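Asks: work19.txt (compact mmCIF, C-alpha atoms) pasted underneath:
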# COMPACT_ATOMS: atom_id res chain seq x y z
CA MET A 272 29.75 46.69 56.20
CA ARG A 273 31.04 49.86 57.71
CA THR A 274 28.61 52.57 58.89
CA SER A 275 29.49 56.14 59.67
CA ASN A 276 29.74 55.27 63.35
CA GLN A 277 32.45 52.72 62.70
CA ARG A 278 35.08 54.98 61.29
CA ALA A 279 38.53 53.53 60.99
CA ARG A 280 40.13 53.90 64.37
CA PRO A 281 42.93 56.43 64.25
CA LYS A 282 46.33 54.94 64.90
CA TYR A 283 47.75 58.31 65.91
CA LEU A 284 46.15 61.26 67.64
CA ASP A 285 44.48 63.66 65.25
CA LEU A 286 44.73 67.07 66.91
CA ARG A 287 41.90 68.54 64.82
CA ARG A 288 39.35 66.00 66.04
CA ILE A 289 39.99 66.29 69.74
CA LYS A 290 37.77 68.40 72.04
CA LEU A 291 39.48 68.80 75.35
CA PRO A 292 38.04 68.88 78.87
CA ILE A 293 40.04 70.91 81.41
CA THR A 294 42.09 67.85 82.36
CA GLY A 295 43.05 67.53 78.70
CA ILE A 296 44.03 71.19 78.53
CA VAL A 297 46.32 70.71 81.55
CA SER A 298 47.78 67.68 79.82
CA ILE A 299 48.46 69.23 76.41
CA ALA A 300 49.82 72.37 78.08
CA HIS A 301 52.14 70.08 80.07
CA ARG A 302 53.46 68.73 76.78
CA ILE A 303 53.75 72.10 75.04
CA SER A 304 55.48 73.68 78.04
CA GLY A 305 57.82 70.70 78.27
CA VAL A 306 58.90 70.93 74.63
CA PHE A 307 59.30 74.69 75.01
CA LEU A 308 61.47 74.30 78.13
CA VAL A 309 63.71 71.74 76.40
CA LEU A 310 64.17 74.18 73.51
CA SER A 311 65.05 77.00 75.92
CA ILE A 312 68.01 75.09 77.43
CA PRO A 313 70.71 76.82 75.28
CA VAL A 314 69.60 80.23 76.57
CA TRP A 315 70.18 79.19 80.18
CA LEU A 316 73.44 77.36 79.45
CA TYR A 317 74.70 80.41 77.56
CA LEU A 318 73.87 82.71 80.48
CA LEU A 319 75.39 80.28 82.98
CA GLU A 320 78.61 80.05 80.96
CA LEU A 321 78.78 83.83 80.56
CA SER A 322 78.10 84.48 84.23
CA LEU A 323 80.81 82.02 85.31
CA SER A 324 83.43 83.28 82.85
CA GLY A 325 84.75 85.98 85.16
CA PHE A 326 83.89 89.44 86.42
CA GLN A 327 83.24 90.93 82.99
CA GLY A 328 81.08 88.04 81.85
CA TYR A 329 79.11 88.23 85.10
CA GLN A 330 78.42 91.92 84.42
CA GLU A 331 77.36 91.15 80.84
CA ALA A 332 75.03 88.39 82.01
CA ALA A 333 73.55 90.78 84.60
CA GLU A 334 72.96 93.38 81.87
CA ILE A 335 71.25 90.82 79.63
CA THR A 336 68.98 89.61 82.44
CA ASP A 337 68.09 93.22 83.32
CA GLY A 338 66.91 93.90 79.77
CA PHE A 339 63.28 94.16 78.68
CA LEU A 340 63.48 91.38 76.09
CA PHE A 341 64.84 89.05 78.69
CA SER A 342 61.96 89.87 81.07
CA ILE A 343 59.53 88.79 78.37
CA LEU A 344 61.48 85.58 77.72
CA SER A 345 61.79 84.81 81.42
CA ILE A 346 58.05 85.38 81.95
CA VAL A 347 57.22 82.91 79.18
CA CYS A 348 59.77 80.39 80.45
CA LEU A 349 58.68 80.79 84.07
CA TRP A 350 55.06 80.37 83.03
CA ALA A 351 55.98 77.19 81.16
CA LEU A 352 58.01 75.99 84.14
CA VAL A 353 55.28 76.76 86.69
CA HIS A 354 52.66 74.98 84.60
CA HIS A 355 54.92 72.01 83.92
CA PHE A 356 55.84 71.87 87.62
CA LEU A 357 52.24 72.02 88.93
CA ALA A 358 50.80 69.66 86.33
CA GLY A 359 53.74 67.34 87.00
CA ILE A 360 52.98 67.30 90.72
CA ARG A 361 49.38 66.52 89.83
CA TYR A 362 50.59 63.52 87.82
CA LEU A 363 52.76 62.36 90.70
CA LEU A 364 49.69 62.54 92.97
CA ILE A 365 47.66 60.64 90.38
CA ASP A 366 50.40 57.98 90.43
CA LEU A 367 49.71 57.71 94.16
CA ASP A 368 45.99 57.25 93.39
CA ILE A 369 45.19 60.75 94.64
CA GLY A 370 42.67 62.64 92.51
CA ILE A 371 41.86 59.97 89.97
CA GLU A 372 38.07 59.86 90.28
CA LYS A 373 36.36 61.92 87.61
CA GLN A 374 35.25 64.77 89.87
CA ALA A 375 38.55 64.87 91.77
CA ALA A 376 40.49 64.84 88.50
CA LEU A 377 38.53 67.86 87.27
CA GLU A 378 39.10 69.61 90.60
CA GLY A 379 42.81 68.86 90.43
CA ALA A 380 43.07 70.30 86.94
CA LYS A 381 41.26 73.47 88.13
CA TRP A 382 43.71 73.78 91.01
CA VAL A 383 46.64 73.62 88.61
CA PHE A 384 45.34 76.70 86.78
CA LEU A 385 44.33 78.51 89.99
CA VAL A 386 47.75 78.08 91.62
CA GLU A 387 49.41 78.87 88.30
CA GLY A 388 47.58 82.20 88.14
CA ALA A 389 48.30 82.96 91.79
CA VAL A 390 52.02 82.34 91.23
CA MET A 391 52.38 83.99 87.83
CA LEU A 392 50.45 87.24 88.34
CA PRO A 393 52.78 88.65 91.05
CA ILE A 394 55.84 87.44 89.12
CA ILE A 395 54.62 89.14 85.93
CA GLY A 396 53.91 92.31 87.90
CA TRP A 397 57.36 92.17 89.46
CA LEU A 398 59.26 91.51 86.24
CA ILE A 399 57.51 94.12 84.06
CA MET B 101 53.76 60.09 79.40
CA SER B 102 52.61 57.06 77.49
CA ALA B 103 53.22 53.89 79.43
CA ARG B 104 52.81 51.81 76.32
CA ALA B 105 55.68 53.56 74.60
CA GLY B 106 58.62 52.23 76.48
CA GLY B 107 57.97 50.10 79.52
CA ILE B 108 58.38 50.81 83.20
CA ARG B 109 61.98 52.03 83.20
CA PRO B 110 61.54 55.36 81.37
CA TRP B 111 58.42 55.89 83.47
CA VAL B 112 60.46 55.53 86.67
CA ILE B 113 63.34 57.66 85.36
CA GLN B 114 60.88 60.37 84.37
CA ARG B 115 59.51 60.54 87.91
CA LEU B 116 62.83 60.25 89.75
CA SER B 117 64.41 62.97 87.61
CA ALA B 118 61.34 65.17 88.18
CA ILE B 119 61.54 64.76 91.95
CA PHE B 120 65.28 65.45 91.97
CA MET B 121 64.83 68.60 89.87
CA VAL B 122 62.09 69.86 92.19
CA LEU B 123 64.34 69.40 95.23
CA ALA B 124 67.35 70.95 93.48
CA LEU B 125 65.27 73.93 92.31
CA VAL B 126 64.01 74.51 95.85
CA LEU B 127 67.61 74.40 97.18
CA PHE B 128 68.75 76.75 94.42
CA CYS B 129 65.96 79.24 95.13
CA LEU B 130 66.75 79.13 98.86
CA THR B 131 70.42 79.75 98.07
CA LEU B 132 69.53 82.73 95.87
CA MET B 133 67.20 84.15 98.53
CA PHE B 134 69.31 83.61 101.65
CA GLY B 135 72.76 82.69 100.38
CA ASP B 136 73.81 86.31 99.92
CA ILE B 137 75.39 85.74 96.51
CA SER B 138 75.94 89.22 95.13
CA SER B 139 79.19 89.20 93.18
CA ALA B 140 80.90 87.32 90.37
CA ASN B 141 83.32 85.91 92.88
CA GLU B 142 80.68 84.51 95.25
CA TRP B 143 78.71 83.16 92.28
CA GLN B 144 81.80 81.31 90.98
CA THR B 145 82.73 80.07 94.44
CA TRP B 146 79.26 78.64 94.95
CA PHE B 147 79.41 76.70 91.67
CA SER B 148 82.91 75.42 92.45
CA MET B 149 81.95 73.85 95.79
CA PRO B 150 82.01 70.06 95.33
CA PHE B 151 78.54 69.54 96.81
CA TRP B 152 76.77 72.23 94.77
CA ASN B 153 78.77 71.44 91.67
CA THR B 154 77.58 67.84 91.90
CA VAL B 155 73.97 68.87 92.56
CA VAL B 156 74.04 71.21 89.56
CA ILE B 157 75.53 68.56 87.26
CA ILE B 158 72.97 65.97 88.35
CA PHE B 159 70.26 68.61 87.88
CA TRP B 160 71.28 69.20 84.26
CA LEU B 161 71.65 65.47 83.56
CA SER B 162 68.19 64.89 85.07
CA LEU B 163 66.83 67.69 82.89
CA PHE B 164 68.35 66.27 79.70
CA THR B 165 67.16 62.73 80.48
CA HIS B 166 63.70 63.97 81.48
CA GLY B 167 63.57 66.06 78.31
CA TRP B 168 64.62 63.13 76.15
CA ILE B 169 61.92 60.81 77.52
CA GLY B 170 59.30 63.56 77.26
CA ILE B 171 60.23 64.49 73.69
CA ARG B 172 60.34 60.82 72.74
CA ASP B 173 56.80 60.33 74.05
CA VAL B 174 55.45 63.42 72.32
CA VAL B 175 57.14 62.51 69.02
CA MET B 176 55.87 58.92 69.18
CA ASP B 177 52.33 60.16 69.87
CA TYR B 178 52.05 62.76 67.14
CA ILE B 179 54.42 61.75 64.36
CA GLY B 180 53.15 58.66 62.56
CA ASN B 181 55.61 58.62 59.68
CA ASP B 182 58.59 56.43 60.58
CA GLY B 183 61.09 58.43 58.57
CA ILE B 184 60.12 61.83 59.97
CA ARG B 185 59.94 60.34 63.45
CA PHE B 186 63.46 58.97 63.13
CA VAL B 187 64.84 62.29 61.90
CA VAL B 188 63.12 64.33 64.63
CA LEU B 189 64.28 61.94 67.37
CA ALA B 190 67.82 61.93 65.97
CA VAL B 191 67.91 65.73 65.90
CA PHE B 192 66.70 65.94 69.50
CA GLY B 193 69.13 63.22 70.55
CA PHE B 194 72.13 65.05 69.10
CA TYR B 195 70.80 68.32 70.50
CA LEU B 196 70.68 66.90 74.03
CA ILE B 197 74.11 65.26 73.67
CA ALA B 198 75.50 68.62 72.57
CA MET B 199 73.84 70.28 75.58
CA THR B 200 75.40 67.65 77.85
CA VAL B 201 78.90 68.29 76.48
CA TRP B 202 78.44 72.05 76.75
CA MET B 203 77.14 71.74 80.31
CA MET B 204 80.13 69.58 81.34
CA LYS B 205 82.49 72.12 79.81
CA ILE B 206 80.84 74.90 81.82
CA MET B 207 80.92 72.92 85.05
CA ILE B 208 84.59 71.97 84.58
CA MET B 209 85.33 75.64 83.94
CA ALA B 210 83.47 76.46 87.16
CA VAL B 211 85.56 74.05 89.23
CA SER B 212 88.89 75.09 87.76
CA ALA B 213 88.27 78.85 87.94
Here is the file; what I need is its structure written in the form of structure tokens.
Replies:
Amino acid sequence: MRTSNQRARPKYLDLRRIKLPITGIVSIAHRISGVFLVLSIPVWLYLLELSLSGFQGYQEAAEITDGFLFSILSIVCLWALVHHFLAGIRYLLIDLDIGIEKQAALEGAKWVFLVEGAVMLPIIGWLI
Amino acid sequence: MSARAGGIRPWVIQRLSAIFMVLALVLFCLTLMFGDISSANEWQTWFSMPFWNTVVIIFWLSLFTHGWIGIRDVVMDYIGNDGIRFVVLAVFGFYLIAMTVWMMKIMIMAVSA
């Protein structure tokens, strides 16, 4: 007989039932930022193509990247990239058995957000 | 990423591509900071140099491969329905192939300019 404690084990992750510790927040943000960065690829390819298409295209690309809308987009993308980068380095360290104990893992996750803030705040200030 | 999803090979590719992209990004940032690229001409010349052209192409290929493995893992973790999963993976697969073709076109244009 099945009691309330023996619920059917979920086969897939149910996002509504998960309460995340800070390590989990770093992890899910790693995934979200990754998907976001993959989706942003056409923007960067378009700008690269434009900027390499000759003098006029280079000027046009420079004008686009000087615009306000682009600053917003580049802040979001840079934020995603910085988070993905730092969390990724954390995973590489974890692969090397660095920072895998519970306390060290929590510390590592805190460091990701601390460094992320330290990197992003000046960049946001500079781009706005 | 989920080790259970696809064996050791994607796991290794995911890490190697990550490390390559980190190194390439550092080189690219250094070039932008100290390389004194300030005109369309210098920008084009930089991309047409065989060494940098190759680094940039490998960077994009690493990015697309890394993105594919990452998306694959996320989709396999959160989408339980086989049909939807297939469609989403197919869409992302074609998307990344299209990006690869576009990137190659741009890089060939950069060399021949």
Asks: Of the candidates A:Arg287, A:Tyr362, A:Leu385, A:Glu331, which shows the shortest atom-to-atom distance to B:Ile119, using all atoms listed in the file?
Replies: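 Comparing A:Arg287, A:Tyr362, A:Leu385, A:Glu331 against B:Ile119, the winner is A:Tyr362.
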Asks: List every residue of chain B that has an atom at most 7 Å from any atom of chain A, giving for each one its closest atom pair and the distance in Å to one decimal, counting only C-alpha atoms, sorted by chain and then by ascending residue number, as a tab-separated table.
Replies:
residue	atom	partner	partner_atom	distance
B:Ala140	CA	A:Phe326	CA	5.4
B:Gln144	CA	A:Leu323	CA	5.8
B:Gly167	CA	A:Val309	CA	6.0
B:Ile171	CA	A:Val306	CA	6.6
B:Asp177	CA	A:Tyr283	CA	6.3
B:Tyr178	CA	A:Leu284	CA	6.1
B:Gly180	CA	A:Tyr283	CA	6.4
B:Met203	CA	A:Leu316	CA	6.8
B:Ile206	CA	A:Glu320	CA	5.7
B:Ala210	CA	A:Leu323	CA	6.4
Asks: Can you tell me how far atom CA of A:Cys348 sits from atom CA of A:Ile335, in Å to one decimal?
Replies: 15.5 Å
Asks: Go ahead and compute the interatomic distance for atom CA of B:Met209 and atom CA of B:Val191, in Å to one decimal.
Replies: 27.0 Å
Asks: Where's the centre, and what are the edge lengths in Å to one decimal, of a box along x, y and z enclosing all listed atoms of stretch 137-147 of chain B padded 3 Å per side, as AutoDock Vina command-line options?
Replies:
--center_x 79.4 --center_y 83.0 --center_z 93.4 --size_x 13.9 --size_y 18.5 --size_z 12.1
Asks: For A:Gly379, work out the shell of residues within 10 Å, counting only C-alpha atoms and skipping chain neighbours fewer than 6 positions away, then give it as a PyMOL selection string.
Replies: chain A and resi 293-294+297+358+361-362+364-365+369-371+373+385
Asks: Hey, what's within 10 Å of stretch 149-152 of chain B if we count all atoms listed in the file and toss same-chain stuff fewer than 4 positions away? As a list in words, please?
Replies: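 The residues that qualify are Ala124, Leu127, Phe128, Gln144, Thr145, Val156, Ile157, Ile158, Ala210 and Val211 of chain B.
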Asks: Have a look at atom CA of B:Met199 and atom CA of B:Arg172 and let me know their distance in Å, one decimal.
Replies: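 Separation between atom CA of B:Met199 and atom CA of B:Arg172: 16.7 Å.
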Asks: Would you list the residues near (57.0, 87.3, 88.9), meaning any protein, DNA or RNA residue with an atom at most 10 Å from that point in file coordinates, counting all atoms listed in the file, as a list of chain:residue names?
Replies: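 Nearby residues: A:Ser342, A:Ser345, A:Ile346, A:Leu349, A:Trp350, A:Val390, A:Met391, A:Leu392, A:Pro393, A:Ile394, A:Ile395, A:Gly396, A:Trp397, A:Leu398, A:Ile399.
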Asks: For B:Trp160, which residue out of A:Ala332, A:Trp315, A:Phe339, A:Ile289 is the nearest one, using all atoms listed in the file?
Replies: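 Ranking A:Ala332, A:Trp315, A:Phe339, A:Ile289 by distance to B:Trp160, first place goes to A:Trp315.
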